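S.K.: My structure is in final29.cif, and what it holds is mmCIF, C-alpha atoms:
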```cif
data_final
loop_
_atom_site.label_atom_id
_atom_site.label_comp_id
_atom_site.auth_asym_id
_atom_site.auth_seq_id
_atom_site.Cartn_x
_atom_site.Cartn_y
_atom_site.Cartn_z
CA TRP A 1 72.17 -63.65 -151.84
CA ASP A 2 72.64 -63.45 -148.13
CA ARG A 3 70.63 -66.65 -147.75
CA ARG A 4 72.72 -68.51 -150.33
CA ARG A 5 75.85 -67.26 -148.65
CA SER A 6 74.73 -68.52 -145.28
CA ARG A 7 74.03 -71.97 -146.70
CA GLN A 8 77.46 -71.98 -148.34
CA GLU A 9 79.19 -71.19 -145.07
CA VAL A 10 77.24 -73.87 -143.25
CA PHE A 11 78.19 -76.44 -145.91
CA GLU A 12 81.84 -75.50 -145.78
CA ARG A 13 81.88 -75.73 -142.00
CA PHE A 14 80.23 -79.10 -142.06
CA SER A 15 82.63 -80.34 -144.71
CA SER A 16 85.71 -79.15 -142.84
CA ALA A 17 84.56 -80.64 -139.49
CA PRO A 18 86.39 -83.82 -138.46
CA PRO A 19 84.46 -87.06 -138.84
CA PRO A 20 82.90 -88.51 -135.67
CA PRO A 21 84.88 -91.25 -133.92
CA PRO A 22 83.89 -94.85 -134.72
CA PRO A 23 81.76 -96.67 -132.20
CA SER A 24 83.68 -98.21 -129.24
CA GLN A 25 84.63 -101.92 -129.58
CA GLY A 26 86.21 -102.34 -126.12
CA GLY A 27 85.51 -106.06 -125.60
CA GLY A 28 86.56 -107.12 -129.06
CA ALA A 29 89.66 -104.95 -129.07
CA SER A 30 90.84 -106.14 -125.70
CA ALA A 31 90.14 -109.72 -126.73
CA THR A 32 92.07 -109.17 -129.90
CA ALA A 33 94.92 -107.56 -127.99
CA SER A 34 95.00 -110.35 -125.41
CA SER A 35 94.78 -112.93 -128.16
CA SER A 36 97.63 -111.34 -130.05
CA SER A 37 99.65 -110.94 -126.87
CA SER A 38 99.01 -114.55 -125.87
CA SER A 39 99.87 -115.71 -129.36
CA GLY A 40 102.97 -113.57 -129.22
CA SER A 41 103.94 -114.95 -125.85
CA SER A 42 103.23 -118.49 -127.00
CA SER A 43 105.23 -117.92 -130.14
CA SER A 44 108.01 -116.40 -128.10
CA SER A 45 107.84 -119.27 -125.63
CA SER A 46 107.78 -121.79 -128.45
CA GLY A 47 110.66 -119.97 -130.01
CA SER A 48 112.60 -120.02 -126.78
CA SER A 49 111.74 -123.69 -126.27
CA SER A 50 112.81 -124.48 -129.78
CA ARG A 51 115.99 -122.56 -129.17
CA GLY A 52 116.47 -124.48 -125.90
CA GLY A 53 115.78 -127.78 -127.64
CA SER A 54 118.19 -127.01 -130.40
CA SER A 55 120.83 -125.99 -127.91
CA SER A 56 120.25 -129.12 -125.80
CA SER A 57 120.24 -131.31 -128.89
CA SER A 58 123.47 -129.76 -130.05
CA ARG A 59 125.04 -130.48 -126.64
CA GLU A 60 127.48 -133.44 -126.68
CA PRO A 61 126.37 -136.61 -124.84
CA ALA A 62 127.98 -137.38 -121.49
CA ARG A 63 130.90 -139.75 -121.67
CA VAL A 64 131.23 -142.58 -119.14
CA THR A 65 134.73 -143.74 -118.33
CA ILE A 66 135.00 -147.50 -117.74
CA ASP A 67 138.08 -148.85 -116.07
CA GLU A 68 139.68 -151.50 -118.23
CA PRO A 69 140.59 -154.77 -116.49
CA ASP A 70 144.14 -155.26 -115.38
CA ASP A 71 145.83 -157.48 -117.93
CA GLU A 72 148.99 -157.86 -115.93
CA PRO A 73 149.50 -161.37 -114.56
CA GLY A 74 149.15 -161.84 -110.84
CA ILE A 75 150.63 -164.19 -108.29
CA THR A 76 148.61 -167.37 -107.99
CA LEU A 77 148.35 -169.78 -105.08
CA THR A 78 147.10 -173.28 -105.96
CA PRO A 79 146.43 -175.84 -103.22
CA ARG A 80 145.99 -179.31 -104.77
CA ILE A 81 145.11 -182.86 -103.85
CA GLY A 82 145.78 -185.79 -106.13
CA TYR A 83 147.09 -189.27 -106.80
CA SER A 84 150.59 -190.48 -107.69
CA ARG A 85 152.28 -193.83 -108.02
CA LEU A 86 155.87 -194.92 -107.47
CA ALA A 87 156.68 -198.56 -108.22
CA ASN A 88 153.94 -200.55 -106.48
CA LEU A 89 153.11 -197.77 -104.01
CA ASN A 90 150.00 -195.61 -104.39
CA PHE A 91 150.30 -192.14 -102.89
CA ILE A 92 147.80 -189.46 -101.93
CA SER A 93 149.44 -186.12 -102.71
CA TYR A 94 148.48 -182.77 -101.20
CA GLY A 95 150.02 -179.33 -100.86
CA PRO A 96 150.18 -175.72 -102.13
CA GLU A 97 152.15 -174.22 -104.99
CA LEU A 98 153.01 -170.60 -105.68
CA ALA A 99 153.39 -169.19 -109.23
CA ILE A 100 155.16 -165.83 -109.56
CA PRO A 101 155.19 -164.09 -112.99
CA LEU A 102 158.62 -163.13 -114.29
CA SER A 103 157.30 -160.51 -116.75
CA ARG A 104 154.45 -158.00 -116.96
CA SER A 105 152.93 -159.43 -120.13
CA THR A 106 149.61 -161.28 -119.93
CA ASN A 107 151.04 -164.54 -121.30
CA SER A 108 154.15 -164.95 -119.21
CA VAL A 109 156.77 -167.28 -117.83
CA GLN A 110 156.19 -167.98 -114.15
CA LEU A 111 158.47 -169.15 -111.36
CA LEU A 112 157.11 -172.15 -109.43
CA LEU A 113 157.68 -172.85 -105.74
CA GLY A 114 155.88 -175.73 -104.11
CA VAL A 115 155.76 -178.10 -101.15
CA GLU A 116 153.81 -181.31 -101.34
CA GLY A 117 153.10 -184.17 -99.00
CA GLN A 118 152.86 -187.78 -100.16
CA SER A 119 151.14 -190.40 -98.04
CA THR A 120 150.79 -194.13 -98.64
CA GLN A 121 149.72 -197.14 -96.62
CA ARG A 122 152.18 -200.01 -96.78
CA HIS A 123 151.24 -203.68 -96.58
CA PHE A 124 154.22 -205.76 -95.45
CA SER A 125 154.53 -209.47 -96.01
CA ASP A 126 155.82 -211.79 -93.30
CA GLU A 127 159.23 -211.85 -94.95
CA GLU A 128 159.39 -208.05 -95.04
CA ILE A 129 158.33 -207.86 -91.39
CA ALA A 130 161.11 -210.25 -90.40
CA GLN A 131 163.63 -208.21 -92.43
CA ILE A 132 162.53 -204.97 -90.72
CA ALA A 133 162.80 -206.62 -87.31
CA ARG A 134 166.36 -207.82 -88.01
CA ALA A 135 167.38 -204.33 -89.27
CA GLU A 136 166.00 -202.58 -86.22
CA THR A 137 167.60 -205.12 -83.91
CA ALA A 138 170.95 -204.56 -85.64
CA ALA A 139 170.57 -200.83 -85.24
CA HIS A 140 169.58 -201.12 -81.55
CA PRO A 141 171.16 -204.29 -80.11
CA ASP A 142 170.21 -203.36 -76.55
CA ASP A 143 166.54 -203.26 -77.52
CA PRO A 144 165.82 -206.14 -79.92
CA THR A 145 162.70 -205.94 -82.07
CA ARG A 146 160.40 -208.90 -82.50
CA PRO A 147 158.38 -209.41 -85.72
CA GLU A 148 155.10 -209.13 -83.84
CA ASP A 149 156.12 -205.64 -82.75
CA ILE A 150 156.11 -204.46 -86.36
CA ASP A 151 152.97 -202.83 -87.79
CA ALA A 152 152.05 -204.78 -90.93
CA ASN A 153 149.98 -201.92 -92.45
CA PRO A 154 151.68 -198.64 -91.55
CA TRP A 155 151.11 -195.24 -93.12
CA ASN A 156 154.27 -193.65 -94.50
CA HIS A 157 154.63 -189.94 -95.27
CA ILE A 158 157.22 -188.09 -97.34
CA ALA A 159 157.58 -184.44 -98.34
CA THR A 160 158.37 -183.20 -101.84
CA VAL A 161 159.75 -179.76 -102.66
CA ASN A 162 159.85 -178.37 -106.20
CA LEU A 163 161.33 -175.40 -108.03
CA GLY A 164 160.66 -174.73 -111.70
CA VAL A 165 159.18 -172.59 -114.43
CA GLN A 166 156.04 -172.73 -116.54
CA TYR A 167 154.60 -170.84 -119.48
CA LYS A 168 150.94 -169.89 -119.09
CA TYR A 169 148.63 -168.68 -121.84
CA VAL A 170 145.89 -166.43 -120.45
CA GLY A 171 142.60 -166.60 -122.39
CA ASN A 172 139.17 -165.35 -121.36
CA SER A 173 138.55 -167.92 -118.63
CA VAL A 174 140.74 -170.89 -119.65
CA HIS A 175 144.47 -170.61 -118.87
CA PRO A 176 146.51 -173.60 -120.11
CA TYR A 177 150.16 -174.00 -119.17
CA ILE A 178 153.19 -176.24 -119.61
CA GLY A 179 156.27 -176.37 -117.43
CA LEU A 180 159.34 -178.12 -116.10
CA ASP A 181 160.55 -178.29 -112.53
CA LEU A 182 163.13 -179.95 -110.32
CA ILE A 183 161.87 -181.99 -107.37
CA ALA A 184 163.58 -183.41 -104.31
CA ILE A 185 162.37 -185.86 -101.66
CA PRO A 186 164.46 -185.80 -98.47
CA ASN A 187 164.14 -188.81 -96.19
CA ALA A 188 162.46 -190.87 -98.90
CA VAL A 189 163.46 -194.06 -97.06
CA ASP A 190 163.91 -194.65 -93.35
CA THR A 191 167.65 -195.35 -93.17
CA SER A 192 167.35 -196.67 -89.65
CA GLN A 193 166.20 -199.92 -91.25
CA ILE A 194 169.19 -200.06 -93.61
CA GLU A 195 172.35 -201.84 -92.63
CA ASP A 196 174.39 -199.48 -94.85
CA GLN A 197 173.92 -196.22 -92.94
CA ALA A 198 176.20 -194.41 -95.39
CA ALA A 199 173.51 -194.49 -98.07
CA LEU A 200 172.31 -191.03 -99.04
CA ASP A 201 168.65 -190.76 -98.08
CA LEU A 202 167.62 -188.32 -100.83
CA ALA A 203 165.67 -188.81 -104.04
CA ALA A 204 165.72 -186.11 -106.70
CA GLY A 205 164.73 -185.68 -110.31
CA ALA A 206 162.91 -183.60 -112.92
CA ARG A 207 159.23 -183.37 -113.74
CA LEU A 208 157.39 -182.42 -116.93
CA ARG A 209 153.97 -180.95 -116.31
CA ALA A 210 150.94 -179.53 -118.07
CA GLY A 211 147.57 -178.33 -116.92
CA VAL A 212 144.85 -175.73 -117.15
CA ASP A 213 143.19 -173.18 -114.89
CA PHE A 214 139.44 -172.64 -115.28
CA MET A 215 138.81 -169.17 -113.88
CA VAL A 216 135.36 -168.49 -112.46
CA SER A 217 136.24 -164.87 -111.68
CA GLU A 218 139.31 -162.69 -111.89
CA GLY A 219 140.61 -163.97 -108.56
CA PHE A 220 139.26 -167.51 -108.23
CA GLY A 221 139.18 -170.67 -110.30
CA PHE A 222 139.81 -174.41 -110.47
CA ASN A 223 142.94 -176.26 -111.57
CA LEU A 224 143.66 -179.58 -113.27
CA ASN A 225 147.31 -180.68 -113.34
CA LEU A 226 149.17 -183.64 -114.87
CA GLY A 227 152.84 -184.38 -114.25
CA VAL A 228 155.38 -187.10 -114.88
CA ALA A 229 158.64 -187.11 -112.92
CA TYR A 230 161.75 -189.23 -113.01
CA LEU A 231 163.32 -189.79 -109.60
CA ALA A 232 166.75 -191.17 -108.82
CA GLY A 233 168.31 -192.08 -105.49
CA SER A 234 170.60 -194.69 -103.97
CA THR A 235 167.92 -195.91 -101.55
CA LEU A 236 164.90 -195.97 -103.88
CA GLY A 237 165.55 -199.60 -104.72
CA LEU A 238 164.45 -200.51 -101.19
CA LEU A 239 160.91 -199.35 -102.04
CA GLY A 240 160.52 -201.87 -104.83
CA ASP A 241 162.55 -204.22 -106.99
CA SER A 242 161.38 -202.44 -110.17
CA LEU A 243 162.89 -199.13 -109.07
CA ASP A 244 166.51 -200.25 -108.81
CA GLN A 245 167.87 -196.73 -108.22
CA GLY A 246 165.34 -194.70 -110.21
CA GLY A 247 161.81 -194.71 -111.51
CA LEU A 248 158.86 -192.75 -112.87
CA LEU A 249 156.40 -190.88 -110.67
CA PRO A 250 153.21 -190.02 -112.62
CA GLN A 251 150.74 -187.73 -110.90
CA LEU A 252 147.21 -186.42 -111.48
CA SER A 253 145.93 -183.65 -109.21
CA GLY A 254 143.43 -180.83 -109.01
CA GLY A 255 142.57 -177.95 -106.75
CA THR A 256 141.56 -174.34 -106.49
CA VAL A 257 143.31 -171.22 -107.82
CA PHE A 258 143.60 -167.96 -105.91
CA ARG A 259 144.93 -165.02 -107.95
CA PHE A 260 146.31 -161.92 -106.23
#
```
For this file, write the structure as structure tokens.
M.R.:
Amino acid sequence: WDRRRSRQEVFERFSSAPPPPPPSQGGGASATASSSSSSGSSSSSSGSSSRGGSSSSSREPARVTIDEPDDEPGITLTPRIGYSRLANLNFISYGPELAIPLSRSTNSVQLLLGVEGQSTQRHFSDEEIAQIARAETAAHPDDPTRPEDIDANPWNHIATVNLGVQYKYVGNSVHPYIGLDLIAIPNAVDTSQIEDQAALDLAAGARLRAGVDFMVSEGFGFNLNLGVAYLAGSTLGLLGDSLDQGGLLPQLSGGTVFRF
């Protein structure tokens, strides 16, 4: 009985003893832990990157402000050179013209101010030379003029001033216009050769014009201009029998445009 009891106590003690710890798996556990930590960090980093990407993708794109071109008309300066004809005289014309807009709209009415020179070479006949010599002798009796003293092929120069308006349509690069101006030519004829010194040495009239500006840039371009004027004056008849006291002055000219 004592022996059976001793065995029973030993069995109960053995049964109630805690089980032995499992064998150590240090390398595998640490590898697993590092793997899980690295996967966790990668997942967290990927999560943060995905959050950053979503936040950056949800950010509005940067807006660039572009200055719109100025549509207001500017003052233009147009120097021209061209050809004109009055009676049987062929003129080379040259000079600048200023156009000032009268409104702030793109297509506007413009005020025109211009000065133009007109040059022509005369070819006098023997009869005309004799007539000029007699007129100068009559004007200066103390210093008579002989026909051989007269230049048979002189260059004559006159100045033309104009004031008017034009309407200009402003497109992308082609700016056509149409206008009307008043012109005056002081000293159109040398009155020293006229026996009637009371004659008014002034020619004046009106001119209808049209043309176009071809703009290469906002501030520079080329101009083509066509005009037809009617001039009247008491001394114009001395320039040609066909003029009587008035006549047409057609003109074709071109130049450059400077816009300010």
S.K.: Identify the residues within 7 Å of coordinate (147.3, -195.0, -102.2) (same frame as the file), considering all atoms listed in the file, and give the answer as a PyMOL selection string.
M.R.: chain A and resi 89-92+120-121
S.K.: Could you check which of A:Asp149, A:Glu116, A:Asp181, A:Glu97 is closest to Glu136 in chain A, using all atoms listed in the file?
M.R.: A:Asp149
S.K.: Given the PyMOL selection byres ((chain A and resi 133) around 12) and the file above, list the residues it selects as an MDAnalysis selection string.
M.R.: chainID A and resid 124 126:132 134:141 143:152 192:195
S.K.: Let me make sure I understand: among A:Leu248, A:Val216, A:Leu163, A:Ala99, which one has the smallest atom-to-atom distance to Tyr177 in chain A if we use only C-alpha atoms?
M.R.: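 Of all the options, A:Ala99 lies closest to Tyr177 in chain A.
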S.K.: Rounded to one decimal place, report the CA of Ser253 in chain A-CA of Arg209 in chain A distance in Å.
M.R.: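 Those two atoms sit 11.1 Å apart.
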S.K.: I need the output of the PyMOL selection byres ((chain A and resi 95) around 7) for this file as a CSV table (one decimal) with C-alpha atoms, in the coordinates of the input; which residues are they?
M.R.:
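Written out: result24.csv:
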```
chain,number,residue,atom,x,y,z
A,79,PRO,CA,146.4,-175.8,-103.2
A,80,ARG,CA,146.0,-179.3,-104.8
A,81,ILE,CA,145.1,-182.9,-103.8
A,94,TYR,CA,148.5,-182.8,-101.2
A,96,PRO,CA,150.2,-175.7,-102.1
A,97,GLU,CA,152.2,-174.2,-105.0
A,115,VAL,CA,155.8,-178.1,-101.2
A,116,GLU,CA,153.8,-181.3,-101.3
A,117,GLY,CA,153.1,-184.2,-99.0
```
S.K.: Residues picked by the PyMOL selection byres ((chain A and resi 232) around 6) here, as an MDAnalysis selection string?
M.R.: chainID A and resid 203:204 231 233 245:246
S.K.: Residues at most 10 Å from Leu112 in chain A, counting all atoms listed in the file, excluding those fewer than 4 positions away in the same chain, as a PyMOL selection string?
M.R.: chain A and resi 76+97-101+162-166+179-182
S.K.: Which residue gives the smallest distance to Ser84 in chain A among A:Tyr230, A:Ala210, A:Lys168, A:Gln118, with only C-alpha atoms counted?
M.R.: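 Closest candidate: A:Gln118.
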